[in-house]
>>> print(open('structure-v4.cif').read())   # mmCIF, C-alpha atoms
data_start
#
loop_
_atom_site.label_atom_id
_atom_site.label_comp_id
_atom_site.auth_asym_id
_atom_site.auth_seq_id
_atom_site.Cartn_x
_atom_site.Cartn_y
_atom_site.Cartn_z
CA MET G 289 20.02 -59.40 342.17
CA ALA G 290 22.94 -57.08 341.65
CA GLN G 291 22.40 -53.41 342.58
CA GLN G 292 22.42 -51.03 339.60
CA VAL G 293 25.26 -48.57 339.65
CA LEU G 294 24.58 -45.12 338.07
CA SER G 295 26.92 -42.39 337.04
CA ILE G 296 26.42 -38.92 338.43
CA THR G 297 25.15 -37.76 335.07
CA GLN G 298 22.66 -40.63 334.86
CA LEU G 299 21.41 -39.89 338.35
CA ASN G 300 20.99 -36.19 337.72
CA GLU G 301 19.21 -36.88 334.44
CA TYR G 302 16.92 -39.37 336.18
CA ILE G 303 16.03 -36.86 338.88
CA ARG G 304 15.45 -34.13 336.28
CA GLY G 305 13.10 -36.45 334.40
CA LYS G 306 11.11 -37.17 337.53
CA ILE G 307 10.82 -33.45 338.34
CA ASP G 308 9.92 -32.56 334.76
CA GLU G 309 7.04 -35.03 334.93
CA ASP G 310 5.52 -33.22 337.91
CA VAL G 311 2.64 -31.08 336.68
CA LEU G 312 2.81 -28.72 339.66
CA LEU G 313 6.51 -28.02 339.16
CA ASN G 314 6.10 -27.33 335.43
CA GLY G 315 3.89 -24.29 335.94
CA ILE G 316 4.65 -22.77 339.31
CA ALA G 317 4.61 -19.29 340.82
CA VAL G 318 6.96 -18.60 343.70
CA ARG G 319 6.91 -15.61 346.06
CA GLY G 320 10.18 -14.43 347.57
CA GLU G 321 12.78 -11.70 347.99
CA ILE G 322 15.52 -11.25 345.36
CA SER G 323 19.15 -11.50 346.35
CA ASN G 324 22.47 -11.95 344.49
CA TYR G 325 20.90 -10.57 341.32
CA LYS G 326 23.36 -10.62 338.38
CA VAL G 327 23.04 -9.98 334.65
CA TYR G 328 25.72 -11.71 332.59
CA PRO G 329 27.09 -10.50 329.23
CA SER G 330 25.04 -13.24 327.56
CA GLY G 331 21.89 -11.37 328.66
CA HIS G 332 20.81 -14.13 331.06
CA HIS G 333 19.71 -13.13 334.57
CA TYR G 334 20.75 -15.17 337.62
CA PHE G 335 19.42 -14.60 341.12
CA THR G 336 18.20 -16.22 344.31
CA LEU G 337 14.72 -16.08 345.81
CA LYS G 338 14.53 -16.39 349.57
CA ASP G 339 12.12 -16.21 352.46
CA GLU G 340 12.65 -16.42 356.21
CA ALA G 341 13.77 -20.05 356.19
CA ALA G 342 14.93 -21.11 352.72
CA SER G 343 16.31 -20.04 349.34
CA LEU G 344 15.87 -21.07 345.71
CA LYS G 345 18.28 -20.57 342.81
CA CYS G 346 16.69 -19.01 339.73
CA VAL G 347 17.63 -18.22 336.15
CA MET G 348 15.82 -16.10 333.54
CA PHE G 349 17.12 -16.41 330.02
CA LYS G 350 17.66 -13.35 327.80
CA GLY G 351 14.51 -13.77 325.71
CA ASN G 352 12.25 -13.78 328.76
CA ALA G 353 14.24 -11.06 330.52
CA MET G 354 13.75 -8.66 327.59
CA ARG G 355 10.01 -8.77 328.17
CA LEU G 356 10.29 -7.51 331.75
CA ARG G 357 8.49 -4.22 332.36
CA PHE G 358 10.70 -3.28 335.30
CA ARG G 359 14.30 -3.69 336.40
CA PRO G 360 14.61 -6.31 339.18
CA GLY G 361 17.01 -5.62 342.01
CA ASN G 362 18.21 -7.01 345.30
CA GLY G 363 15.69 -6.69 348.11
CA MET G 364 12.64 -6.60 345.84
CA LYS G 365 9.73 -8.84 346.76
CA VAL G 366 8.48 -10.53 343.59
CA ILE G 367 6.39 -13.35 342.27
CA ALA G 368 8.42 -15.42 339.79
CA MET G 369 6.66 -17.72 337.33
CA GLY G 370 8.23 -20.69 335.54
CA LYS G 371 9.14 -24.32 336.09
CA ILE G 372 11.39 -26.25 338.45
CA SER G 373 14.06 -28.43 336.86
CA VAL G 374 17.51 -29.84 337.54
CA TYR G 375 20.72 -28.49 336.10
CA PRO G 376 22.52 -31.82 335.49
CA ARG G 377 26.04 -30.45 335.53
CA ASP G 378 25.80 -29.18 339.11
CA GLY G 379 23.13 -31.57 340.31
CA VAL G 380 20.99 -28.76 341.73
CA TYR G 381 17.41 -27.89 341.04
CA GLN G 382 16.42 -24.32 340.22
CA LEU G 383 13.56 -22.21 338.97
CA TYR G 384 13.66 -21.49 335.26
CA CYS G 385 11.84 -18.16 335.38
CA THR G 386 9.76 -17.10 332.37
CA ALA G 387 7.97 -14.06 333.90
CA MET G 388 8.15 -11.90 336.99
CA ALA G 389 5.95 -9.33 338.71
CA MET G 390 6.38 -7.14 341.75
CA ASP G 391 4.68 -8.68 344.72
CA GLY G 392 1.54 -6.69 345.45
CA ILE G 393 1.74 -4.40 342.36
CA GLY G 394 1.81 -4.95 338.64
CA ASP G 395 5.05 -4.95 336.71
CA LEU G 396 3.83 -2.01 334.57
CA TYR G 397 3.32 0.08 337.67
CA ALA G 398 6.74 -0.95 338.95
CA ALA G 399 8.31 0.04 335.64
CA PHE G 400 6.46 3.36 335.77
CA GLU G 401 7.74 4.14 339.27
CA GLN G 402 11.30 3.17 338.38
CA LEU G 403 11.39 5.36 335.26
CA LYS G 404 9.72 8.20 337.13
CA ALA G 405 12.39 8.10 339.87
CA LYS G 406 15.19 7.91 337.30
CA LEU G 407 13.98 10.87 335.21
CA ALA G 408 13.21 12.94 338.30
CA ALA G 409 16.79 12.42 339.49
CA GLN G 410 18.03 13.62 336.08
CA GLY G 411 16.01 16.83 336.36
CA LEU G 412 13.48 16.16 333.60
CA PHE G 413 10.60 17.22 335.86
CA ASP G 414 12.27 20.41 337.14
CA PRO G 415 9.78 23.33 337.02
CA ALA G 416 12.65 25.65 336.08
CA HIS G 417 12.85 23.88 332.72
CA LYS G 418 9.16 24.42 331.90
CA LYS G 419 8.53 26.77 328.97
CA PRO G 420 5.60 29.21 328.98
CA ILE G 421 2.63 28.35 326.80
CA PRO G 422 2.10 31.02 324.09
CA ARG G 423 -1.03 33.06 324.74
CA TYR G 424 -2.09 33.35 321.10
CA PRO G 425 -0.43 30.52 319.13
CA ALA G 426 -0.55 31.06 315.38
CA THR G 427 0.11 27.37 314.66
CA ILE G 428 -0.54 24.29 316.82
CA GLY G 429 0.93 20.87 316.06
CA ILE G 430 -1.06 17.88 317.31
CA ILE G 431 0.80 14.57 317.65
CA THR G 432 -1.76 11.78 317.99
CA SER G 433 -3.61 9.13 316.03
CA SER G 434 -5.50 10.43 313.00
CA ALA G 435 -8.18 7.77 313.54
CA GLY G 436 -8.97 8.35 317.21
CA ALA G 437 -11.81 10.33 318.71
CA ALA G 438 -9.30 12.59 320.50
CA ILE G 439 -8.22 14.45 317.33
CA HIS G 440 -11.82 15.17 316.33
CA ASP G 441 -12.63 16.53 319.79
CA MET G 442 -9.57 18.77 319.77
CA LEU G 443 -10.23 20.11 316.26
CA ARG G 444 -13.84 20.87 317.14
CA ILE G 445 -12.86 22.79 320.28
CA LEU G 446 -10.00 24.66 318.61
CA ARG G 447 -12.26 25.78 315.72
CA LYS G 448 -14.93 26.93 318.15
CA ARG G 449 -12.66 28.72 320.61
CA TYR G 450 -10.04 30.31 318.36
CA PRO G 451 -10.41 29.76 314.59
CA LEU G 452 -7.43 32.03 313.86
CA THR G 453 -5.04 29.22 314.86
CA GLU G 454 -3.74 26.94 312.11
CA VAL G 455 -3.68 23.26 313.15
CA ARG G 456 -1.13 20.77 311.79
CA LEU G 457 -1.66 17.08 312.49
CA LEU G 458 1.36 14.79 312.78
CA PRO G 459 -0.30 11.34 312.74
CA VAL G 460 1.37 8.59 314.78
CA ARG G 461 0.48 5.30 316.38
CA VAL G 462 -0.34 5.81 320.03
CA GLN G 463 -0.14 2.23 321.28
CA GLY G 464 1.91 -0.81 320.50
CA ALA G 465 5.64 -1.45 320.26
CA GLU G 466 6.18 1.08 317.46
CA ALA G 467 4.24 3.91 319.12
CA PRO G 468 6.98 5.38 321.40
CA GLY G 469 9.45 5.70 318.54
CA GLU G 470 6.88 7.37 316.28
CA VAL G 471 5.76 9.85 318.95
CA ALA G 472 9.36 10.80 319.80
CA ALA G 473 10.25 11.14 316.11
CA ALA G 474 7.23 13.38 315.46
CA ILE G 475 8.25 15.72 318.29
CA GLN G 476 11.78 15.92 316.92
CA TYR G 477 10.49 16.48 313.37
CA ALA G 478 8.25 19.36 314.48
CA ASN G 479 11.19 21.01 316.23
CA HIS G 480 13.61 20.50 313.34
CA HIS G 481 11.24 22.11 310.83
CA GLN G 482 9.73 24.64 313.30
CA LEU G 483 6.24 23.51 312.35
CA ALA G 484 4.33 25.07 315.24
CA ASP G 485 4.31 27.51 318.14
CA LEU G 486 2.82 24.84 320.42
CA LEU G 487 2.61 21.03 320.44
CA ILE G 488 -0.16 18.89 321.89
CA VAL G 489 0.96 15.28 322.44
CA GLY G 490 -1.44 12.59 323.58
CA ARG G 491 -4.37 10.28 322.96
CA GLY G 492 -7.74 9.30 324.39
CA GLY G 493 -8.32 7.08 327.38
CA GLY G 494 -7.51 3.41 327.78
CA SER G 495 -5.88 0.86 330.03
CA ILE G 496 -2.38 1.31 331.38
CA GLU G 497 -1.16 -0.96 328.60
CA ASP G 498 -2.88 1.25 326.01
CA LEU G 499 -1.25 4.39 327.43
CA TRP G 500 2.17 2.82 327.88
CA ALA G 501 3.76 4.57 324.88
CA PHE G 502 3.64 7.80 326.91
CA ASN G 503 5.57 6.13 329.75
CA ASP G 504 8.48 5.48 327.42
CA GLU G 505 11.90 6.98 328.06
CA ARG G 506 12.31 8.03 324.40
CA VAL G 507 9.13 10.09 324.48
CA ALA G 508 10.15 11.67 327.79
CA TYR G 509 13.51 12.83 326.42
CA ALA G 510 11.93 14.10 323.18
CA ILE G 511 9.50 16.27 325.18
CA TYR G 512 12.26 17.49 327.49
CA GLU G 513 14.52 18.47 324.57
CA SER G 514 11.72 20.14 322.59
CA ARG G 515 12.26 23.85 321.96
CA ILE G 516 8.55 24.15 321.22
CA PRO G 517 6.32 24.18 324.34
CA VAL G 518 4.47 20.88 324.83
CA ILE G 519 1.06 20.14 326.37
CA SER G 520 0.64 16.51 327.43
CA ALA G 521 -2.92 15.24 326.91
CA VAL G 522 -3.04 11.52 327.67
CA GLY G 523 -6.16 9.58 328.66
CA HIS G 524 -8.72 10.75 331.19
CA GLU G 525 -8.19 12.97 334.22
CA PRO G 526 -7.14 10.18 336.65
CA ASP G 527 -4.56 8.83 334.16
CA VAL G 528 -1.02 10.03 334.84
CA THR G 529 1.93 9.25 332.56
CA ILE G 530 5.60 10.14 332.45
CA SER G 531 4.79 12.56 329.60
CA ASP G 532 2.60 14.54 332.00
CA PHE G 533 5.54 15.11 334.35
CA VAL G 534 7.98 16.15 331.61
CA ALA G 535 5.66 18.34 329.53
CA ASP G 536 5.47 22.10 330.02
CA LEU G 537 1.76 21.76 330.85
CA ARG G 538 -0.42 18.76 331.69
CA ALA G 539 -4.02 18.60 330.46
CA ALA G 540 -6.59 16.32 332.09
CA THR G 541 -7.89 15.17 328.69
CA PRO G 542 -7.26 15.93 325.00
CA SER G 543 -10.32 18.20 325.02
CA ASN G 544 -8.92 20.06 328.01
CA ALA G 545 -5.60 20.44 326.14
CA ALA G 546 -7.42 22.24 323.31
CA GLU G 547 -9.06 24.55 325.87
CA LEU G 548 -5.71 25.31 327.51
CA ALA G 549 -3.94 25.85 324.19
CA VAL G 550 -6.01 28.78 322.89
CA PRO G 551 -8.14 31.59 324.32
CA ASP G 552 -11.92 31.64 323.94
CA GLN G 553 -12.96 34.00 321.15
CA ASP G 554 -16.18 34.87 322.99
CA ALA G 555 -14.21 35.88 326.08
CA LEU G 556 -11.81 37.87 323.88
CA ARG G 557 -14.72 39.73 322.28
CA GLN G 558 -16.08 40.56 325.71
CA THR G 559 -12.66 41.80 326.77
CA LEU G 560 -12.31 43.90 323.61
CA ASP G 561 -15.83 45.31 324.00
CA SER G 562 -15.07 46.22 327.61
CA ALA G 563 -11.78 47.84 326.60
CA SER G 564 -13.50 49.72 323.78
CA ALA G 565 -16.19 51.03 326.13
CA SER G 566 -13.55 52.05 328.65
CA MET G 567 -11.55 53.88 325.98
CA ALA G 568 -14.67 55.63 324.69
CA ALA G 569 -15.59 56.76 328.22
CA SER G 570 -12.03 58.00 328.79
CA LEU G 571 -12.11 59.93 325.50
CA GLN G 572 -15.46 61.51 326.43
CA ARG G 573 -13.97 62.64 329.75
CA GLN G 574 -10.99 64.17 327.97
CA LEU G 575 -13.26 65.98 325.49
CA LYS G 576 -15.43 67.28 328.32
CA ASN G 577 -12.39 68.57 330.20
CA ALA G 578 -11.05 70.14 327.02
CA ARG G 579 -14.38 71.91 326.37
CA GLN G 580 -14.44 73.24 329.93
CA HIS G 581 -10.90 74.53 329.55
CA LEU G 582 -11.81 76.13 326.23
CA ASP G 583 -14.81 77.85 327.85
CA VAL G 584 -12.55 79.28 330.55
CA LEU G 585 -10.11 80.55 327.92
CA SER G 586 -12.93 82.04 325.84
CA ARG G 587 -13.95 84.18 328.83
CA SER G 588 -10.40 85.43 329.28
CA PRO G 589 -9.96 89.24 328.83
CA ALA G 590 -6.99 88.59 326.57
CA LEU G 591 -9.23 86.88 324.05
CA LYS G 592 -12.22 89.18 324.45
CA SER G 593 -10.17 92.40 323.99
CA PRO G 594 -6.52 91.81 323.09
CA THR G 595 -5.68 95.58 322.98
CA GLY G 596 -7.36 96.20 326.31
CA TYR G 597 -5.49 93.27 327.78
CA LEU G 598 -2.21 94.71 326.45
CA ASP G 599 -3.03 98.16 327.87
CA GLN G 600 -3.74 96.60 331.23
CA LYS G 601 -0.46 94.74 331.18
CA ARG G 602 1.35 97.87 330.00
CA LYS G 603 -0.04 99.85 332.97
CA SER G 604 0.95 97.08 335.34
CA LEU G 605 4.44 97.08 333.84
CA GLU G 606 4.71 100.87 334.15
CA LEU G 607 3.58 100.73 337.79
CA LEU G 608 6.12 98.03 338.48
CA ARG G 609 8.85 100.07 336.76
CA ASN G 610 8.04 103.13 338.85
CA ARG G 611 8.11 101.08 342.01
CA LEU G 612 11.50 99.66 341.05
CA ILE G 613 12.91 103.14 340.30
CA SER G 614 11.55 104.53 343.56
CA GLY G 615 12.95 101.67 345.54
CA GLN G 616 16.32 101.97 343.81
CA THR G 617 16.44 105.74 344.51
CA ARG G 618 15.78 105.17 348.19
CA ILE G 619 18.53 102.59 348.38
CA VAL G 620 21.05 104.88 346.62
CA GLU G 621 20.21 107.85 348.88
CA GLY G 622 20.61 105.70 351.95
CA LYS G 623 23.98 104.43 350.74
CA ASN G 624 25.09 108.03 350.02
CA ARG G 625 24.20 109.14 353.51
CA GLN G 626 26.07 106.18 354.93
CA PHE G 627 29.07 107.04 352.78
CA VAL G 628 29.14 110.67 353.91
CA GLY G 629 28.99 109.65 357.56
CA LEU G 630 31.83 107.17 357.20
CA THR G 631 33.89 109.71 355.28
CA ALA G 632 33.47 112.24 358.06
CA LYS G 633 34.56 109.70 360.65
CA LEU G 634 37.55 108.70 358.54
CA ASP G 635 38.56 112.36 358.02
CA ALA G 636 38.36 113.01 361.75
CA MET G 637 40.69 110.12 362.43
CA SER G 638 43.21 111.11 359.71
CA PRO G 639 46.77 111.93 360.94
CA LEU G 640 46.89 114.84 358.49
CA LYS G 641 43.92 116.40 360.27
CA VAL G 642 45.89 116.35 363.52
CA LEU G 643 48.82 118.11 361.86
CA THR G 644 46.65 121.10 360.95
CA ARG G 645 46.25 121.77 364.66
CA GLY G 646 50.03 122.39 365.13
CA TYR G 647 51.25 118.87 365.65
CA ALA G 648 54.09 117.29 363.68
CA MET G 649 55.16 113.72 362.81
CA THR G 650 58.85 112.87 363.20
CA ARG G 651 60.61 109.98 361.41
CA THR G 652 64.12 108.65 361.20
CA ASP G 653 66.15 108.66 357.99
CA GLY G 654 64.85 105.15 357.44
CA GLY G 655 61.22 106.39 357.55
CA GLU G 656 60.40 104.89 360.95
CA VAL G 657 58.04 107.03 363.06
CA ILE G 658 59.83 108.24 366.17
CA LYS G 659 57.80 107.49 369.27
CA SER G 660 60.61 107.50 371.88
CA VAL G 661 63.84 109.43 372.41
CA ARG G 662 65.56 106.07 372.62
CA GLN G 663 65.14 105.65 368.86
CA VAL G 664 67.67 108.44 368.04
CA GLN G 665 71.03 109.62 369.16
CA PRO G 666 72.59 113.11 369.02
CA GLY G 667 73.86 113.72 365.48
CA ASP G 668 71.13 111.61 363.81
CA ASN G 669 69.20 113.22 360.99
CA ILE G 670 65.47 113.22 361.35
CA ARG G 671 62.57 114.23 359.10
CA VAL G 672 59.67 116.34 360.43
CA THR G 673 56.32 116.36 358.64
CA LEU G 674 54.04 119.36 359.16
CA SER G 675 50.61 120.07 357.71
CA ASP G 676 52.07 122.04 354.83
CA GLY G 677 55.46 120.33 354.22
CA ASN G 678 58.52 118.53 355.52
CA LEU G 679 61.65 119.58 357.42
CA THR G 680 65.02 117.89 357.68
CA ALA G 681 66.81 118.40 361.02
CA ALA G 682 69.65 117.00 363.08
CA VAL G 683 69.47 115.92 366.73
CA THR G 684 71.89 117.98 368.80
CA GLU G 685 70.85 116.78 372.20
CA LYS G 686 68.35 114.39 373.79
CA GLU G 687 66.85 114.27 377.25
CA GLU G 688 64.78 111.39 378.66
CA ASN G 689 62.04 111.90 381.22
CA LEU G 690 62.73 110.07 384.41
#
>>> encode(input="structure-v4.cif", output="structure tokens")
Amino acid sequence: MAQQVLSITQLNEYIRGKIDEDVLLNGIAVRGEISNYKVYPSGHHYFTLKDEAASLKCVMFKGNAMRLRFRPGNGMKVIAMGKISVYPRDGVYQLYCTAMAMDGIGDLYAAFEQLKAKLAAQGLFDPAHKKPIPRYPATIGIITSSAGAAIHDMLRILRKRYPLTEVRLLPVRVQGAEAPGEVAAAIQYANHHQLADLLIVGRGGGSIEDLWAFNDERVAYAIYESRIPVISAVGHEPDVTISDFVADLRAATPSNAAELAVPDQDALRQTLDSASASMAASLQRQLKNARQHLDVLSRSPALKSPTGYLDQKRKSLELLRNRLISGQTRIVEGKNRQFVGLTAKLDAMSPLKVLTRGYAMTRTDGGEVIKSVRQVQPGDNIRVTLSDGNLTAAVTEKEENL
């Protein structure tokens, strides 16, 4: 019997058929580490799964890849689901992946952590960007489902705590594929039309899938770009979403958001009553002090007898005037005596006083006082001043003392 000869294509097709008939290989889950991960322009994803001893080529077509909740990358440990088949052209078998999950955690949690890290790196969670919550908001916009229990709880609490606030509901879907777009659009609409002083964005509790709209990048950016302060109120207290990190304030529940949004009217009344009592007590103290001051003034002599008070002040003024005059007189007399004494001393030291005792003062023609015979020569004219006049003389002879 002659041996059958097959072409490469026939052989590869035969092997693919055998593999495709294997039930185990048509619905398999494989655990491994991703390497050589590439996304082609066609949208198909190609990568290799490996463990310590072997590797497996994998492909995930665009339609399946679009349903991924996280972004796969090299080094990730994953569980890939799909079927094993042969690619006839290359004659190699590979895993045709239809779904993928992080190994040890769900793909939703992986997507959450990836988006959280991305937005944190972009500064969307920066406390410096947080806006203060208005203390007494005149208008509050609530972005949530109109059919959920959360809106009724919030309205009840807001009416009870602070009925002065006007509430505007912007109804949106809070779960499903359309929910993120509607929530983001409602936030933008409220800002564009300046509908409120404060926004509450959220919904009641549910599974992570139910709350996923508030882990959407579009909602995160809408909250971050909002000029109106935003309170995030998603799920129950243990539930944490991306919206909670971006919002200006995170509430544990929608009911808690209503409590954080407005003051309690009962507490305000107590504060006002306390302030009123304090003001009344302060006013009473002021009146008491004013009465005491008035009593002191009423006992003043100036008010009891104005003319007597003026007479008393007039006498005091007269006494003060006399004291001033007396003091001034003493000062003037003392200065006069000092003046007379100095005048007498000055007169005693006057050159003219010396002349009256027979002395004379001799000067050259130039007016220089002659103190030595060396200042003149025979024939020089000199001027002699006596007590009662002047003489002009000529030097006929001079003699120096040896």
>>> resolve_selection(input="structure-v4.cif", expression="the PyMOL selection byres ((chain G and resi 519) around 12)", output="PyMOL selection string")
chain G and resi 418-422+428-431+475+485-491+511-512+514+516-518+520-522+531-550
>>> write_last_selection(input="structure-v4.cif", atoms="C-alpha atoms", output="mmCIF file, keeping the file's coordinate frame")
data_model
loop_
_atom_site.group_PDB
_atom_site.id
_atom_site.type_symbol
_atom_site.label_atom_id
_atom_site.label_comp_id
_atom_site.auth_asym_id
_atom_site.auth_seq_id
_atom_site.Cartn_x
_atom_site.Cartn_y
_atom_site.Cartn_z
ATOM 1 C CA LYS G 418 9.160 24.420 331.900
ATOM 2 C CA LYS G 419 8.530 26.770 328.970
ATOM 3 C CA PRO G 420 5.600 29.210 328.980
ATOM 4 C CA ILE G 421 2.630 28.350 326.800
ATOM 5 C CA PRO G 422 2.100 31.020 324.090
ATOM 6 C CA ILE G 428 -0.540 24.290 316.820
ATOM 7 C CA GLY G 429 0.930 20.870 316.060
ATOM 8 C CA ILE G 430 -1.060 17.880 317.310
ATOM 9 C CA ILE G 431 0.800 14.570 317.650
ATOM 10 C CA ILE G 475 8.250 15.720 318.290
ATOM 11 C CA ASP G 485 4.310 27.510 318.140
ATOM 12 C CA LEU G 486 2.820 24.840 320.420
ATOM 13 C CA LEU G 487 2.610 21.030 320.440
ATOM 14 C CA ILE G 488 -0.160 18.890 321.890
ATOM 15 C CA VAL G 489 0.960 15.280 322.440
ATOM 16 C CA GLY G 490 -1.440 12.590 323.580
ATOM 17 C CA ARG G 491 -4.370 10.280 322.960
ATOM 18 C CA ILE G 511 9.500 16.270 325.180
ATOM 19 C CA TYR G 512 12.260 17.490 327.490
ATOM 20 C CA SER G 514 11.720 20.140 322.590
ATOM 21 C CA ILE G 516 8.550 24.150 321.220
ATOM 22 C CA PRO G 517 6.320 24.180 324.340
ATOM 23 C CA VAL G 518 4.470 20.880 324.830
ATOM 24 C CA SER G 520 0.640 16.510 327.430
ATOM 25 C CA ALA G 521 -2.920 15.240 326.910
ATOM 26 C CA VAL G 522 -3.040 11.520 327.670
ATOM 27 C CA SER G 531 4.790 12.560 329.600
ATOM 28 C CA ASP G 532 2.600 14.540 332.000
ATOM 29 C CA PHE G 533 5.540 15.110 334.350
ATOM 30 C CA VAL G 534 7.980 16.150 331.610
ATOM 31 C CA ALA G 535 5.660 18.340 329.530
ATOM 32 C CA ASP G 536 5.470 22.100 330.020
ATOM 33 C CA LEU G 537 1.760 21.760 330.850
ATOM 34 C CA ARG G 538 -0.420 18.760 331.690
ATOM 35 C CA ALA G 539 -4.020 18.600 330.460
ATOM 36 C CA ALA G 540 -6.590 16.320 332.090
ATOM 37 C CA THR G 541 -7.890 15.170 328.690
ATOM 38 C CA PRO G 542 -7.260 15.930 325.000
ATOM 39 C CA SER G 543 -10.320 18.200 325.020
ATOM 40 C CA ASN G 544 -8.920 20.060 328.010
ATOM 41 C CA ALA G 545 -5.600 20.440 326.140
ATOM 42 C CA ALA G 546 -7.420 22.240 323.310
ATOM 43 C CA GLU G 547 -9.060 24.550 325.870
ATOM 44 C CA LEU G 548 -5.710 25.310 327.510
ATOM 45 C CA ALA G 549 -3.940 25.850 324.190
ATOM 46 C CA VAL G 550 -6.010 28.780 322.890
#
>>> axis_aligned_box(input="structure-v4.cif", around="stretch 655-669 of chain G", padding_each_side="8 Å", output="AutoDock Vina command-line options")
--center_x 65.8 --center_y 109.3 --center_z 365.1 --size_x 32.1 --size_y 24.8 --size_z 31.1
>>> residues_around(input="structure-v4.cif", residues="G:Gln298", least_positions_apart="6", cutoff="12 Å", atoms="all atoms listed in the file", output="list in words")
Gln292, Arg304, Gly305, Pro376, Arg377 and Gly379 of chain G
>>> residues_near_point(input="structure-v4.cif", point="(73.8, 116.2, 368.7)", cutoff="8 Å", atoms="only C-alpha atoms", output="PDB file with C-alpha atoms, in the coordinates of the input")
ATOM      1  CA  GLN G 665      71.030 109.620 369.160  1.00  0.00           C
ATOM      2  CA  PRO G 666      72.590 113.110 369.020  1.00  0.00           C
ATOM      3  CA  GLY G 667      73.860 113.720 365.480  1.00  0.00           C
ATOM      4  CA  ASP G 668      71.130 111.610 363.810  1.00  0.00           C
ATOM      5  CA  ALA G 682      69.650 117.000 363.080  1.00  0.00           C
ATOM      6  CA  VAL G 683      69.470 115.920 366.730  1.00  0.00           C
ATOM      7  CA  THR G 684      71.890 117.980 368.800  1.00  0.00           C
ATOM      8  CA  GLU G 685      70.850 116.780 372.200  1.00  0.00           C
ATOM      9  CA  LYS G 686      68.350 114.390 373.790  1.00  0.00           C
TER      10      LYS G 686
END
>>> atom_distance(input="structure-v4.cif", atom1="atom CA of G:Met649", atom2="atom CA of G:Arg671")
8.3 Å
>>> residues_around(input="structure-v4.cif", residues="stretch 337-342 of chain G", least_positions_apart="4", cutoff="7 Å", atoms="only C-alpha atoms", output="ChimeraX atom specification")
/G:320-323
>>> closest_residue(input="structure-v4.cif", among="G:Thr650, G:Ser495, G:Gln382, G:Ser566", to="G:Leu674", atoms="all atoms listed in the file")
G:Thr650
>>> resolve_selection(input="structure-v4.cif", expression="the PyMOL selection byres ((chain G and resi 453) around 6)", output="list of chain:residue names")
G:Ala426, G:Thr427, G:Pro451, G:Leu452, G:Glu454
>>> atom_distance(input="structure-v4.cif", atom1="atom CA of G:Met369", atom2="atom CA of G:Asn314")
9.8 Å
>>> residues_around(input="structure-v4.cif", residues="G:Gly493", least_positions_apart="4", cutoff="8 Å", atoms="only C-alpha atoms", output="JSON, numbers by chain")
{"G": [499, 522, 523, 524, 527]}
>>> atom_distance(input="structure-v4.cif", atom1="atom CA of G:His332", atom2="atom CA of G:Val380")
18.1 Å
>>> residues_near_point(input="structure-v4.cif", point="(3.9, 8.5, 329.6)", cutoff="8 Å", atoms="only C-alpha atoms", output="ChimeraX atom specification")
/G:499-504,507-508,522,528-532
>>> residues_around(input="structure-v4.cif", residues="G:Tyr325", least_positions_apart="4", cutoff="8 Å", atoms="all atoms listed in the file", output="mmCIF file with C-alpha atoms, in the coordinates of the input")
data_model
loop_
_atom_site.group_PDB
_atom_site.id
_atom_site.type_symbol
_atom_site.label_atom_id
_atom_site.label_comp_id
_atom_site.auth_asym_id
_atom_site.auth_seq_id
_atom_site.Cartn_x
_atom_site.Cartn_y
_atom_site.Cartn_z
ATOM 1 C CA HIS G 333 19.710 -13.130 334.570
ATOM 2 C CA TYR G 334 20.750 -15.170 337.620
ATOM 3 C CA PHE G 335 19.420 -14.600 341.120
ATOM 4 C CA THR G 336 18.200 -16.220 344.310
ATOM 5 C CA PRO G 360 14.610 -6.310 339.180
ATOM 6 C CA GLY G 361 17.010 -5.620 342.010
ATOM 7 C CA ASN G 362 18.210 -7.010 345.300
#
>>> closest_residue(input="structure-v4.cif", among="G:Ala416, G:Ile619, G:Val471, G:Met388", to="G:Val347", atoms="all atoms listed in the file")
G:Met388
>>> resolve_selection(input="structure-v4.cif", expression="the PyMOL selection byres ((chain G and resi 679) around 12)", output="JSON, numbers by chain")
{"G": [648, 649, 650, 651, 652, 653, 669, 670, 671, 672, 673, 674, 675, 676, 677, 678, 680, 681, 682]}
>>> write_last_selection(input="structure-v4.cif", atoms="C-alpha atoms", output="PDB file, keeping the file's coordinate frame")
ATOM      1  CA  ALA G 648      54.090 117.290 363.680  1.00  0.00           C
ATOM      2  CA  MET G 649      55.160 113.720 362.810  1.00  0.00           C
ATOM      3  CA  THR G 650      58.850 112.870 363.200  1.00  0.00           C
ATOM      4  CA  ARG G 651      60.610 109.980 361.410  1.00  0.00           C
ATOM      5  CA  THR G 652      64.120 108.650 361.200  1.00  0.00           C
ATOM      6  CA  ASP G 653      66.150 108.660 357.990  1.00  0.00           C
ATOM      7  CA  ASN G 669      69.200 113.220 360.990  1.00  0.00           C
ATOM      8  CA  ILE G 670      65.470 113.220 361.350  1.00  0.00           C
ATOM      9  CA  ARG G 671      62.570 114.230 359.100  1.00  0.00           C
ATOM     10  CA  VAL G 672      59.670 116.340 360.430  1.00  0.00           C
ATOM     11  CA  THR G 673      56.320 116.360 358.640  1.00  0.00           C
ATOM     12  CA  LEU G 674      54.040 119.360 359.160  1.00  0.00           C
ATOM     13  CA  SER G 675      50.610 120.070 357.710  1.00  0.00           C
ATOM     14  CA  ASP G 676      52.070 122.040 354.830  1.00  0.00           C
ATOM     15  CA  GLY G 677      55.460 120.330 354.220  1.00  0.00           C
ATOM     16  CA  ASN G 678      58.520 118.530 355.520  1.00  0.00           C
ATOM     17  CA  THR G 680      65.020 117.890 357.680  1.00  0.00           C
ATOM     18  CA  ALA G 681      66.810 118.400 361.020  1.00  0.00           C
ATOM     19  CA  ALA G 682      69.650 117.000 363.080  1.00  0.00           C
TER      20      ALA G 682
END
